[in-house]
>>> print(open('work_33.pdb').read())   # PDB, C-alpha atoms
ATOM      1  CA  GLN S  24      93.488  49.266 138.576  1.00  0.00           C
ATOM      2  CA  GLN S  25      96.087  46.723 139.671  1.00  0.00           C
ATOM      3  CA  PRO S  26      98.794  47.759 142.139  1.00  0.00           C
ATOM      4  CA  VAL S  27     102.348  47.378 140.856  1.00  0.00           C
ATOM      5  CA  GLN S  28     104.744  45.001 142.584  1.00  0.00           C
ATOM      6  CA  SER S  29     108.525  44.968 142.383  1.00  0.00           C
ATOM      7  CA  PRO S  30     110.658  43.079 141.802  1.00  0.00           C
ATOM      8  CA  GLN S  31     108.896  40.506 139.621  1.00  0.00           C
ATOM      9  CA  ALA S  32     111.200  37.731 140.820  1.00  0.00           C
ATOM     10  CA  VAL S  33     113.836  37.205 143.512  1.00  0.00           C
ATOM     11  CA  ILE S  34     116.278  34.350 144.036  1.00  0.00           C
ATOM     12  CA  LEU S  35     117.923  34.047 147.445  1.00  0.00           C
ATOM     13  CA  ARG S  36     119.996  31.649 149.458  1.00  0.00           C
ATOM     14  CA  GLU S  37     118.551  30.414 152.708  1.00  0.00           C
ATOM     15  CA  GLY S  38     119.171  32.956 155.464  1.00  0.00           C
ATOM     16  CA  GLU S  39     119.227  36.024 153.207  1.00  0.00           C
ATOM     17  CA  ASP S  40     116.765  38.908 153.416  1.00  0.00           C
ATOM     18  CA  ALA S  41     114.280  40.165 150.835  1.00  0.00           C
ATOM     19  CA  VAL S  42     112.026  43.168 150.341  1.00  0.00           C
ATOM     20  CA  ILE S  43     108.968  43.161 148.089  1.00  0.00           C
ATOM     21  CA  ASN S  44     107.299  46.431 147.207  1.00  0.00           C
ATOM     22  CA  CYS S  45     103.724  47.275 146.254  1.00  0.00           C
ATOM     23  CA  SER S  46     102.546  50.651 145.005  1.00  0.00           C
ATOM     24  CA  SER S  47      99.207  52.042 143.941  1.00  0.00           C
ATOM     25  CA  SER S  48      98.114  55.139 142.062  1.00  0.00           C
ATOM     26  CA  LYS S  49      94.927  55.290 144.126  1.00  0.00           C
ATOM     27  CA  ALA S  50      94.377  56.346 147.726  1.00  0.00           C
ATOM     28  CA  LEU S  51      94.290  53.188 149.779  1.00  0.00           C
ATOM     29  CA  TYR S  52      92.382  52.103 152.842  1.00  0.00           C
ATOM     30  CA  SER S  53      94.272  48.867 153.371  1.00  0.00           C
ATOM     31  CA  VAL S  54      96.973  46.647 151.932  1.00  0.00           C
ATOM     32  CA  HIS S  55      96.858  42.857 152.164  1.00  0.00           C
ATOM     33  CA  TRP S  56      99.696  40.389 151.665  1.00  0.00           C
ATOM     34  CA  TYR S  57      99.262  36.766 150.544  1.00  0.00           C
ATOM     35  CA  ARG S  58     101.621  33.947 149.632  1.00  0.00           C
ATOM     36  CA  GLN S  59     100.796  31.292 147.070  1.00  0.00           C
ATOM     37  CA  LYS S  60     102.589  27.990 146.564  1.00  0.00           C
ATOM     38  CA  HIS S  61     102.492  26.548 143.062  1.00  0.00           C
ATOM     39  CA  GLY S  62      99.056  25.116 142.226  1.00  0.00           C
ATOM     40  CA  GLU S  63      97.616  26.033 145.624  1.00  0.00           C
ATOM     41  CA  ALA S  64      95.336  28.710 146.986  1.00  0.00           C
ATOM     42  CA  PRO S  65      96.850  32.000 148.191  1.00  0.00           C
ATOM     43  CA  VAL S  66      97.288  32.085 151.957  1.00  0.00           C
ATOM     44  CA  PHE S  67      96.738  35.214 154.026  1.00  0.00           C
ATOM     45  CA  LEU S  68      99.799  36.781 155.694  1.00  0.00           C
ATOM     46  CA  MET S  69      98.700  40.153 157.053  1.00  0.00           C
ATOM     47  CA  ILE S  70      96.639  43.302 156.571  1.00  0.00           C
ATOM     48  CA  LEU S  71      97.855  46.867 157.047  1.00  0.00           C
ATOM     49  CA  LEU S  72      95.505  49.771 157.461  1.00  0.00           C
ATOM     50  CA  LYS S  73      96.177  53.380 156.530  1.00  0.00           C
ATOM     51  CA  GLY S  74      98.113  55.128 159.241  1.00  0.00           C
ATOM     52  CA  GLY S  75     101.624  53.970 158.409  1.00  0.00           C
ATOM     53  CA  GLU S  76     101.613  51.022 160.768  1.00  0.00           C
ATOM     54  CA  GLN S  77     104.031  48.164 160.596  1.00  0.00           C
ATOM     55  CA  LYS S  78     103.098  44.601 161.362  1.00  0.00           C
ATOM     56  CA  GLY S  79     105.117  41.508 161.992  1.00  0.00           C
ATOM     57  CA  HIS S  80     104.586  37.810 161.704  1.00  0.00           C
ATOM     58  CA  GLU S  81     107.620  35.833 162.906  1.00  0.00           C
ATOM     59  CA  LYS S  82     110.358  36.878 160.474  1.00  0.00           C
ATOM     60  CA  ILE S  83     107.932  38.404 157.978  1.00  0.00           C
ATOM     61  CA  SER S  84     106.849  41.997 158.514  1.00  0.00           C
ATOM     62  CA  ALA S  85     105.364  44.775 156.445  1.00  0.00           C
ATOM     63  CA  SER S  86     104.911  48.524 156.420  1.00  0.00           C
ATOM     64  CA  PHE S  87     102.402  50.840 154.788  1.00  0.00           C
ATOM     65  CA  ASN S  88     103.323  54.382 153.773  1.00  0.00           C
ATOM     66  CA  GLU S  89      99.997  56.115 153.367  1.00  0.00           C
ATOM     67  CA  LYS S  90     101.466  59.277 151.850  1.00  0.00           C
ATOM     68  CA  LYS S  91     103.152  57.355 149.055  1.00  0.00           C
ATOM     69  CA  GLN S  92     100.425  54.674 148.768  1.00  0.00           C
ATOM     70  CA  GLN S  93     103.154  52.080 149.056  1.00  0.00           C
ATOM     71  CA  SER S  94     103.655  48.964 151.101  1.00  0.00           C
ATOM     72  CA  SER S  95     106.733  46.841 151.583  1.00  0.00           C
ATOM     73  CA  LEU S  96     106.985  43.232 152.740  1.00  0.00           C
ATOM     74  CA  TYR S  97     110.181  42.295 154.598  1.00  0.00           C
ATOM     75  CA  LEU S  98     111.395  38.707 154.843  1.00  0.00           C
ATOM     76  CA  THR S  99     114.390  38.292 157.123  1.00  0.00           C
ATOM     77  CA  ALA S 100     116.633  35.251 157.457  1.00  0.00           C
ATOM     78  CA  SER S 101     114.604  33.527 154.767  1.00  0.00           C
ATOM     79  CA  GLN S 102     113.693  29.867 155.091  1.00  0.00           C
ATOM     80  CA  LEU S 103     113.059  27.327 152.330  1.00  0.00           C
ATOM     81  CA  SER S 104     109.369  27.398 153.257  1.00  0.00           C
ATOM     82  CA  TYR S 105     109.177  31.071 152.249  1.00  0.00           C
ATOM     83  CA  SER S 106     109.397  30.149 148.571  1.00  0.00           C
ATOM     84  CA  GLY S 107     106.319  31.002 146.542  1.00  0.00           C
ATOM     85  CA  THR S 108     104.624  33.904 144.847  1.00  0.00           C
ATOM     86  CA  TYR S 109     103.735  36.891 146.995  1.00  0.00           C
ATOM     87  CA  PHE S 110     100.764  39.066 146.143  1.00  0.00           C
ATOM     88  CA  CYS S 111      99.730  42.389 147.534  1.00  0.00           C
ATOM     89  CA  GLY S 112      96.035  43.190 147.470  1.00  0.00           C
ATOM     90  CA  THR S 113      94.749  46.710 147.860  1.00  0.00           C
ATOM     91  CA  GLU S 114      91.456  48.121 149.012  1.00  0.00           C
ATOM     92  CA  GLY S 115      90.646  51.663 147.919  1.00  0.00           C
ATOM     93  CA  GLN S 116      89.181  54.397 150.081  1.00  0.00           C
ATOM     94  CA  GLY S 117      85.774  54.123 148.498  1.00  0.00           C
ATOM     95  CA  ALA S 118      85.446  50.664 146.970  1.00  0.00           C
ATOM     96  CA  GLN S 119      85.239  47.642 149.215  1.00  0.00           C
ATOM     97  CA  LYS S 120      86.879  45.207 146.836  1.00  0.00           C
ATOM     98  CA  LEU S 121      90.305  43.612 146.742  1.00  0.00           C
ATOM     99  CA  VAL S 122      92.513  44.205 143.720  1.00  0.00           C
ATOM    100  CA  PHE S 123      95.761  42.259 143.501  1.00  0.00           C
ATOM    101  CA  GLY S 124      99.146  42.976 141.979  1.00  0.00           C
ATOM    102  CA  GLN S 125     100.883  40.773 139.428  1.00  0.00           C
ATOM    103  CA  GLY S 126     102.883  38.924 142.067  1.00  0.00           C
ATOM    104  CA  THR S 127     106.551  38.522 143.039  1.00  0.00           C
ATOM    105  CA  ARG S 128     108.044  35.076 142.657  1.00  0.00           C
ATOM    106  CA  LEU S 129     110.452  34.266 145.508  1.00  0.00           C
ATOM    107  CA  THR S 130     112.822  31.312 145.229  1.00  0.00           C
ATOM    108  CA  ILE S 131     114.892  30.253 148.239  1.00  0.00           C
ATOM    109  CA  ASN S 132     117.787  27.918 147.543  1.00  0.00           C
ATOM    110  CA  PRO S 133     119.662  25.892 150.177  1.00  0.00           C
TER     111      PRO S 133
ATOM    112  CA  ASP M   2      85.582  22.617 158.971  1.00  0.00           C
ATOM    113  CA  GLY M   3      84.664  25.887 157.324  1.00  0.00           C
ATOM    114  CA  GLY M   4      86.078  26.811 153.979  1.00  0.00           C
ATOM    115  CA  ILE M   5      85.593  27.417 150.292  1.00  0.00           C
ATOM    116  CA  THR M   6      85.166  24.605 147.822  1.00  0.00           C
ATOM    117  CA  GLN M   7      85.757  24.980 144.121  1.00  0.00           C
ATOM    118  CA  SER M   8      84.914  22.264 141.674  1.00  0.00           C
ATOM    119  CA  PRO M   9      86.119  20.697 139.563  1.00  0.00           C
ATOM    120  CA  LYS M  10      89.872  21.093 140.029  1.00  0.00           C
ATOM    121  CA  TYR M  11      90.546  20.525 136.320  1.00  0.00           C
ATOM    122  CA  LEU M  12      88.127  21.217 133.494  1.00  0.00           C
ATOM    123  CA  PHE M  13      88.465  20.685 129.761  1.00  0.00           C
ATOM    124  CA  ARG M  14      86.053  22.161 127.248  1.00  0.00           C
ATOM    125  CA  LYS M  15      85.822  22.560 123.515  1.00  0.00           C
ATOM    126  CA  GLU M  16      86.030  26.017 122.034  1.00  0.00           C
ATOM    127  CA  GLY M  17      82.623  27.641 121.680  1.00  0.00           C
ATOM    128  CA  GLN M  18      81.045  25.906 124.659  1.00  0.00           C
ATOM    129  CA  ASN M  19      79.893  27.663 127.806  1.00  0.00           C
ATOM    130  CA  VAL M  20      81.208  26.214 131.056  1.00  0.00           C
ATOM    131  CA  THR M  21      80.236  26.867 134.680  1.00  0.00           C
ATOM    132  CA  LEU M  22      82.697  26.800 137.576  1.00  0.00           C
ATOM    133  CA  SER M  23      81.335  26.096 141.019  1.00  0.00           C
ATOM    134  CA  CYS M  24      82.211  27.967 144.227  1.00  0.00           C
ATOM    135  CA  GLU M  25      80.614  27.185 147.587  1.00  0.00           C
ATOM    136  CA  GLN M  26      81.508  28.565 151.031  1.00  0.00           C
ATOM    137  CA  ASN M  27      80.295  27.714 154.515  1.00  0.00           C
ATOM    138  CA  LEU M  28      82.046  30.575 156.296  1.00  0.00           C
ATOM    139  CA  ASN M  29      78.898  32.713 156.394  1.00  0.00           C
ATOM    140  CA  HIS M  30      80.709  35.404 154.419  1.00  0.00           C
ATOM    141  CA  ASP M  31      78.690  38.063 152.641  1.00  0.00           C
ATOM    142  CA  ALA M  32      81.304  38.981 150.018  1.00  0.00           C
ATOM    143  CA  MET M  33      82.482  36.614 147.294  1.00  0.00           C
ATOM    144  CA  TYR M  34      84.941  37.153 144.452  1.00  0.00           C
ATOM    145  CA  TRP M  35      86.154  35.546 141.245  1.00  0.00           C
ATOM    146  CA  TYR M  36      89.715  36.058 140.057  1.00  0.00           C
ATOM    147  CA  ARG M  37      91.537  34.892 136.985  1.00  0.00           C
ATOM    148  CA  GLN M  38      95.240  34.013 137.220  1.00  0.00           C
ATOM    149  CA  ASP M  39      97.573  33.999 134.233  1.00  0.00           C
ATOM    150  CA  PRO M  40     101.365  33.701 134.396  1.00  0.00           C
ATOM    151  CA  GLY M  41     102.963  37.081 135.067  1.00  0.00           C
ATOM    152  CA  GLN M  42      99.634  38.898 135.449  1.00  0.00           C
ATOM    153  CA  GLY M  43      98.723  38.089 138.984  1.00  0.00           C
ATOM    154  CA  LEU M  44      95.134  37.877 140.129  1.00  0.00           C
ATOM    155  CA  ARG M  45      92.666  39.875 138.079  1.00  0.00           C
ATOM    156  CA  LEU M  46      89.172  40.523 139.402  1.00  0.00           C
ATOM    157  CA  ILE M  47      86.337  39.233 137.224  1.00  0.00           C
ATOM    158  CA  TYR M  48      83.216  39.756 139.354  1.00  0.00           C
ATOM    159  CA  TYR M  49      82.390  40.283 142.995  1.00  0.00           C
ATOM    160  CA  SER M  50      79.254  40.180 145.087  1.00  0.00           C
ATOM    161  CA  GLN M  51      78.497  41.658 148.482  1.00  0.00           C
ATOM    162  CA  ILE M  52      74.917  40.490 148.885  1.00  0.00           C
ATOM    163  CA  VAL M  53      72.558  37.899 147.491  1.00  0.00           C
ATOM    164  CA  ASN M  54      71.060  38.768 144.100  1.00  0.00           C
ATOM    165  CA  ASP M  55      73.600  41.554 143.533  1.00  0.00           C
ATOM    166  CA  PHE M  56      77.038  41.582 141.937  1.00  0.00           C
ATOM    167  CA  GLN M  57      79.460  44.012 140.296  1.00  0.00           C
ATOM    168  CA  LYS M  58      81.858  43.748 137.397  1.00  0.00           C
ATOM    169  CA  GLY M  59      85.549  43.667 138.097  1.00  0.00           C
ATOM    170  CA  ASP M  60      88.348  44.640 135.742  1.00  0.00           C
ATOM    171  CA  ILE M  61      87.915  41.814 133.209  1.00  0.00           C
ATOM    172  CA  ALA M  62      84.208  40.895 133.233  1.00  0.00           C
ATOM    173  CA  GLU M  63      83.749  40.625 129.462  1.00  0.00           C
ATOM    174  CA  GLY M  64      82.884  37.087 128.411  1.00  0.00           C
ATOM    175  CA  TYR M  65      81.913  36.000 131.920  1.00  0.00           C
ATOM    176  CA  SER M  66      78.667  35.880 133.869  1.00  0.00           C
ATOM    177  CA  VAL M  67      77.803  35.131 137.504  1.00  0.00           C
ATOM    178  CA  SER M  68      74.815  34.633 139.752  1.00  0.00           C
ATOM    179  CA  ARG M  69      74.328  34.913 143.516  1.00  0.00           C
ATOM    180  CA  GLU M  70      71.035  33.233 144.333  1.00  0.00           C
ATOM    181  CA  LYS M  71      72.291  31.920 147.666  1.00  0.00           C
ATOM    182  CA  LYS M  72      74.729  33.402 150.157  1.00  0.00           C
ATOM    183  CA  GLU M  73      76.846  30.245 150.040  1.00  0.00           C
ATOM    184  CA  SER M  74      77.180  29.962 146.276  1.00  0.00           C
ATOM    185  CA  PHE M  75      78.727  32.136 143.554  1.00  0.00           C
ATOM    186  CA  PRO M  76      79.054  30.190 140.277  1.00  0.00           C
ATOM    187  CA  LEU M  77      80.996  31.628 137.343  1.00  0.00           C
ATOM    188  CA  THR M  78      80.048  30.918 133.737  1.00  0.00           C
ATOM    189  CA  VAL M  79      82.743  31.282 131.104  1.00  0.00           C
ATOM    190  CA  THR M  80      80.876  31.992 127.897  1.00  0.00           C
ATOM    191  CA  SER M  81      81.898  31.443 124.308  1.00  0.00           C
ATOM    192  CA  ALA M  82      82.395  35.215 124.067  1.00  0.00           C
ATOM    193  CA  GLN M  83      85.515  34.993 126.254  1.00  0.00           C
ATOM    194  CA  LYS M  84      88.329  35.073 123.709  1.00  0.00           C
ATOM    195  CA  ASN M  85      91.027  33.410 125.772  1.00  0.00           C
ATOM    196  CA  PRO M  86      89.385  31.391 128.537  1.00  0.00           C
ATOM    197  CA  THR M  87      92.233  28.997 129.354  1.00  0.00           C
ATOM    198  CA  ALA M  88      93.432  30.036 132.823  1.00  0.00           C
ATOM    199  CA  PHE M  89      93.465  29.252 136.522  1.00  0.00           C
ATOM    200  CA  TYR M  90      90.329  30.561 138.252  1.00  0.00           C
ATOM    201  CA  LEU M  91      90.209  31.360 141.960  1.00  0.00           C
ATOM    202  CA  CYS M  92      87.158  32.048 144.069  1.00  0.00           C
ATOM    203  CA  ALA M  93      87.412  33.910 147.373  1.00  0.00           C
ATOM    204  CA  SER M  94      85.109  35.064 150.131  1.00  0.00           C
ATOM    205  CA  SER M  95      85.370  37.538 152.984  1.00  0.00           C
ATOM    206  CA  PRO M  96      83.290  39.218 155.660  1.00  0.00           C
ATOM    207  CA  LEU M  97      81.592  42.427 154.607  1.00  0.00           C
ATOM    208  CA  ASN M  98      83.720  44.887 156.519  1.00  0.00           C
ATOM    209  CA  ARG M  99      86.617  47.154 155.682  1.00  0.00           C
ATOM    210  CA  ALA M 100      90.015  45.467 155.408  1.00  0.00           C
ATOM    211  CA  PRO M 101      88.612  41.941 155.367  1.00  0.00           C
ATOM    212  CA  GLU M 102      90.731  38.802 155.305  1.00  0.00           C
ATOM    213  CA  ALA M 103      89.887  36.925 152.121  1.00  0.00           C
ATOM    214  CA  PHE M 104      89.800  33.121 152.047  1.00  0.00           C
ATOM    215  CA  PHE M 105      90.530  31.398 148.759  1.00  0.00           C
ATOM    216  CA  GLY M 106      89.386  28.138 147.251  1.00  0.00           C
ATOM    217  CA  GLN M 107      91.855  25.686 145.710  1.00  0.00           C
ATOM    218  CA  GLY M 108      91.115  26.928 142.199  1.00  0.00           C
ATOM    219  CA  THR M 109      89.885  25.433 138.936  1.00  0.00           C
ATOM    220  CA  ARG M 110      92.238  25.060 135.996  1.00  0.00           C
ATOM    221  CA  LEU M 111      90.202  25.490 132.825  1.00  0.00           C
ATOM    222  CA  THR M 112      91.637  24.378 129.501  1.00  0.00           C
ATOM    223  CA  VAL M 113      89.756  25.117 126.307  1.00  0.00           C
ATOM    224  CA  VAL M 114      90.799  23.123 123.265  1.00  0.00           C
TER     225      VAL M 114
END
>>> encode(input="work_33.pdb", output="structure tokens")
Amino acid sequence: QQPVQSPQAVILREGEDAVINCSSSKALYSVHWYRQKHGEAPVFLMILLKGGEQKGHEKISASFNEKKQQSSLYLTASQLSYSGTYFCGTEGQGAQKLVFGQGTRLTINP
Amino acid sequence: DGGITQSPKYLFRKEGQNVTLSCEQNLNHDAMYWYRQDPGQGLRLIYYSQIVNDFQKGDIAEGYSVSREKKESFPLTVTSAQKNPTAFYLCASSPLNRAPEAFFGQGTRLTVV
């Protein structure tokens, strides 16, 4: 079952912040975040394991709330290069397979 | 350089014909995946394999078939039974451990006319 992402689309000006959410109805072992530019392959950003940890990658960070089976991706002081579609992928407690959400399209304008 | 290669990048087929999409990886990954991407629906899992000669259905396996005769290769056949085959298809691979980082190919855009 696909995780649900929100919002479906975001339009920002360069320098603004954004939050993308991902929620699942199943108990999760890990949450993965990827970014895809139009017509290209998705590129790995980070993985979060159960335990409520938060990770960071330059100005992009994420958290994982195990109790709520939710993850959030935080983009601060957005840059033009952040534009693309962001996908969360989830791995359940039992099944070792990645299931992705429907994506959040992020547009950064100058 | 290690990576995943999908071919061809663009593919056109007539309705009713079977077509096979190629996916090869030289990352020595045990797990391989096929996803279908449609606008607004994200990446939907078609099939995945964790070991040679074994594979499991994903969420939308109907109308598709796969084989895993070699660790490096995981071809996907879109059969005539697939009602709406026009889509962007992505292949991925990962190590066989929990919370693996998946590596994606560049995708094949299939258009059925």
>>> closest_atom_pairs(input="work_33.pdb", of="chain S", to="chain M", cutoff="12 Å", atoms="all atoms listed in the file", output="Markdown table")
| residue | atom | partner | partner_atom | distance |
| --- | --- | --- | --- | --- |
| S:Gln24 | CA | M:Asp60 | CA | 7.5 |
| S:Gln25 | CA | M:Arg45 | CA | 7.8 |
| S:Pro26 | CA | M:Gly43 | CA | 10.2 |
| S:Val27 | CA | M:Gly43 | CA | 10.1 |
| S:Gln28 | CA | M:Gly43 | CA | 9.8 |
| S:Pro30 | CA | M:Gly41 | CA | 11.9 |
| S:Gln31 | CA | M:Gly41 | CA | 8.2 |
| S:Ala32 | CA | M:Gly41 | CA | 10.1 |
| S:Leu51 | CA | M:Ala100 | CA | 10.5 |
| S:Tyr52 | CA | M:Ala100 | CA | 7.5 |
| S:Ser53 | CA | M:Ala100 | CA | 5.8 |
| S:Val54 | CA | M:Ala100 | CA | 7.9 |
| S:His55 | CA | M:Glu102 | CA | 8.0 |
| S:Trp56 | CA | M:Glu102 | CA | 9.8 |
| S:Tyr57 | CA | M:Ala103 | CA | 9.5 |
| S:Arg58 | CA | M:Phe105 | CA | 11.4 |
| S:Gln59 | CA | M:Phe105 | CA | 10.4 |
| S:Lys60 | CA | M:Gln107 | CA | 11.0 |
| S:His61 | CA | M:Gln107 | CA | 11.0 |
| S:Gly62 | CA | M:Gln107 | CA | 8.0 |
| S:Glu63 | CA | M:Gln107 | CA | 5.8 |
| S:Ala64 | CA | M:Gln107 | CA | 4.8 |
| S:Pro65 | CA | M:Phe105 | CA | 6.4 |
| S:Val66 | CA | M:Phe105 | CA | 7.5 |
| S:Phe67 | CA | M:Glu102 | CA | 7.1 |
| S:Leu68 | CA | M:Glu102 | CA | 9.3 |
| S:Met69 | CA | M:Glu102 | CA | 8.3 |
| S:Ile70 | CA | M:Ala100 | CA | 7.1 |
| S:Leu71 | CA | M:Ala100 | CA | 8.1 |
| S:Leu72 | CA | M:Ala100 | CA | 7.3 |
| S:Lys73 | CA | M:Ala100 | CA | 10.1 |
| S:Thr108 | CA | M:Gly43 | CA | 9.3 |
| S:Tyr109 | CA | M:Gly43 | CA | 9.5 |
| S:Phe110 | CA | M:Gly43 | CA | 7.5 |
| S:Cys111 | CA | M:Gly43 | CA | 9.6 |
| S:Gly112 | CA | M:Leu44 | CA | 9.1 |
| S:Thr113 | CA | M:Ala100 | CA | 9.0 |
| S:Glu114 | CA | M:Ala100 | CA | 7.1 |
| S:Gly115 | CA | M:Ala100 | CA | 9.7 |
| S:Gln116 | CA | M:Arg99 | CA | 9.5 |
| S:Gly117 | CA | M:Arg99 | CA | 10.0 |
| S:Ala118 | CA | M:Arg99 | CA | 9.5 |
| S:Gln119 | CA | M:Arg99 | CA | 6.6 |
| S:Lys120 | CA | M:Tyr49 | CA | 7.7 |
| S:Leu121 | CA | M:Leu46 | CA | 8.0 |
| S:Val122 | CA | M:Leu46 | CA | 6.6 |
| S:Phe123 | CA | M:Leu44 | CA | 5.6 |
| S:Gly124 | CA | M:Gly43 | CA | 5.7 |
| S:Gln125 | CA | M:Gly43 | CA | 3.5 |
| S:Gly126 | CA | M:Gly43 | CA | 5.2 |
| S:Thr127 | CA | M:Gly43 | CA | 8.8 |
| S:Arg128 | CA | M:Gly41 | CA | 9.4 |
>>> write_last_selection(input="work_33.pdb", atoms="C-alpha atoms", output="short mmCIF file (atom, residue, chain, number, x, y, z; two decimals), in the frame of the given file")
data_model
loop_
_atom_site.label_atom_id
_atom_site.label_comp_id
_atom_site.auth_asym_id
_atom_site.auth_seq_id
_atom_site.Cartn_x
_atom_site.Cartn_y
_atom_site.Cartn_z
CA GLN S 24 93.49 49.27 138.58
CA GLN S 25 96.09 46.72 139.67
CA PRO S 26 98.79 47.76 142.14
CA VAL S 27 102.35 47.38 140.86
CA GLN S 28 104.74 45.00 142.58
CA PRO S 30 110.66 43.08 141.80
CA GLN S 31 108.90 40.51 139.62
CA ALA S 32 111.20 37.73 140.82
CA LEU S 51 94.29 53.19 149.78
CA TYR S 52 92.38 52.10 152.84
CA SER S 53 94.27 48.87 153.37
CA VAL S 54 96.97 46.65 151.93
CA HIS S 55 96.86 42.86 152.16
CA TRP S 56 99.70 40.39 151.66
CA TYR S 57 99.26 36.77 150.54
CA ARG S 58 101.62 33.95 149.63
CA GLN S 59 100.80 31.29 147.07
CA LYS S 60 102.59 27.99 146.56
CA HIS S 61 102.49 26.55 143.06
CA GLY S 62 99.06 25.12 142.23
CA GLU S 63 97.62 26.03 145.62
CA ALA S 64 95.34 28.71 146.99
CA PRO S 65 96.85 32.00 148.19
CA VAL S 66 97.29 32.08 151.96
CA PHE S 67 96.74 35.21 154.03
CA LEU S 68 99.80 36.78 155.69
CA MET S 69 98.70 40.15 157.05
CA ILE S 70 96.64 43.30 156.57
CA LEU S 71 97.86 46.87 157.05
CA LEU S 72 95.50 49.77 157.46
CA LYS S 73 96.18 53.38 156.53
CA THR S 108 104.62 33.90 144.85
CA TYR S 109 103.74 36.89 147.00
CA PHE S 110 100.76 39.07 146.14
CA CYS S 111 99.73 42.39 147.53
CA GLY S 112 96.04 43.19 147.47
CA THR S 113 94.75 46.71 147.86
CA GLU S 114 91.46 48.12 149.01
CA GLY S 115 90.65 51.66 147.92
CA GLN S 116 89.18 54.40 150.08
CA GLY S 117 85.77 54.12 148.50
CA ALA S 118 85.45 50.66 146.97
CA GLN S 119 85.24 47.64 149.22
CA LYS S 120 86.88 45.21 146.84
CA LEU S 121 90.30 43.61 146.74
CA VAL S 122 92.51 44.20 143.72
CA PHE S 123 95.76 42.26 143.50
CA GLY S 124 99.15 42.98 141.98
CA GLN S 125 100.88 40.77 139.43
CA GLY S 126 102.88 38.92 142.07
CA THR S 127 106.55 38.52 143.04
CA ARG S 128 108.04 35.08 142.66
#
>>> closest_residue(input="work_33.pdb", among="S:Ser101, S:Ile34, S:Gln92, S:Gly107", to="Ala50 (chain S)", atoms="all atoms listed in the file")
S:Gln92
>>> residues_around(input="work_33.pdb", residues="region 52-56 of chain M", least_positions_apart="3", cutoff="8 Å", atoms="only C-alpha atoms", output="VMD selection string")
chain M and resid 31 to 32 48 to 49 67 to 72
>>> atom_distance(input="work_33.pdb", atom1="CA of Lys84 (chain M)", atom2="CA of Tyr11 (chain M)")
19.4 Å
>>> resolve_selection(input="work_33.pdb", expression="the PyMOL selection byres ((chain M and resi 26) around 6)", output="list in words")
Gly4, Ile5, Glu25, Asn27, Leu28 and Glu73 of chain M
>>> axis_aligned_box(input="work_33.pdb", around="region 47-56 of chain M", padding_each_side="8 Å", output="JSON")
{"center_x": 78.7, "center_y": 39.8, "center_z": 143.1, "size_x": 31.3, "size_y": 19.8, "size_z": 27.7}
>>> resolve_selection(input="work_33.pdb", expression="the PyMOL selection byres ((chain S and resi 103) around 12)", output="mmCIF file with C-alpha atoms, in the coordinates of the input")
data_model
loop_
_atom_site.group_PDB
_atom_site.id
_atom_site.type_symbol
_atom_site.label_atom_id
_atom_site.label_comp_id
_atom_site.auth_asym_id
_atom_site.auth_seq_id
_atom_site.Cartn_x
_atom_site.Cartn_y
_atom_site.Cartn_z
ATOM 1 C CA ILE S 34 116.278 34.350 144.036
ATOM 2 C CA LEU S 35 117.923 34.047 147.445
ATOM 3 C CA ARG S 36 119.996 31.649 149.458
ATOM 4 C CA GLU S 37 118.551 30.414 152.708
ATOM 5 C CA GLY S 38 119.171 32.956 155.464
ATOM 6 C CA GLU S 39 119.227 36.024 153.207
ATOM 7 C CA LYS S 60 102.589 27.990 146.564
ATOM 8 C CA LEU S 98 111.395 38.707 154.843
ATOM 9 C CA ALA S 100 116.633 35.251 157.457
ATOM 10 C CA SER S 101 114.604 33.527 154.767
ATOM 11 C CA GLN S 102 113.693 29.867 155.091
ATOM 12 C CA SER S 104 109.369 27.398 153.257
ATOM 13 C CA TYR S 105 109.177 31.071 152.249
ATOM 14 C CA SER S 106 109.397 30.149 148.571
ATOM 15 C CA GLY S 107 106.319 31.002 146.542
ATOM 16 C CA LEU S 129 110.452 34.266 145.508
ATOM 17 C CA THR S 130 112.822 31.312 145.229
ATOM 18 C CA ILE S 131 114.892 30.253 148.239
ATOM 19 C CA ASN S 132 117.787 27.918 147.543
ATOM 20 C CA PRO S 133 119.662 25.892 150.177
#
>>> atom_distance(input="work_33.pdb", atom1="CA of Lys90 (chain S)", atom2="CA of Gly74 (chain S)")
9.1 Å
>>> atom_distance(input="work_33.pdb", atom1="CA of Asn85 (chain M)", atom2="CA of Lys58 (chain M)")
18.1 Å
>>> residues_around(input="work_33.pdb", residues="Leu12 (chain M)", least_positions_apart="6", cutoff="9 Å", atoms="all atoms listed in the file", output="mmCIF file with C-alpha atoms, in the coordinates of the input")
data_model
loop_
_atom_site.group_PDB
_atom_site.id
_atom_site.type_symbol
_atom_site.label_atom_id
_atom_site.label_comp_id
_atom_site.auth_asym_id
_atom_site.auth_seq_id
_atom_site.Cartn_x
_atom_site.Cartn_y
_atom_site.Cartn_z
ATOM 1 C CA VAL M 20 81.208 26.214 131.056
ATOM 2 C CA LEU M 22 82.697 26.800 137.576
ATOM 3 C CA THR M 109 89.885 25.433 138.936
ATOM 4 C CA ARG M 110 92.238 25.060 135.996
ATOM 5 C CA LEU M 111 90.202 25.490 132.825
ATOM 6 C CA THR M 112 91.637 24.378 129.501
ATOM 7 C CA VAL M 113 89.756 25.117 126.307
#
>>> resolve_selection(input="work_33.pdb", expression="the PyMOL selection byres ((chain M and resi 82) around 12)", output="list in words")
Glu16, Gly17, Gln18, Asn19, Val20, Ala62, Glu63, Gly64, Tyr65, Ser66, Thr78, Val79, Thr80, Ser81, Gln83, Lys84, Asn85 and Pro86 of chain M
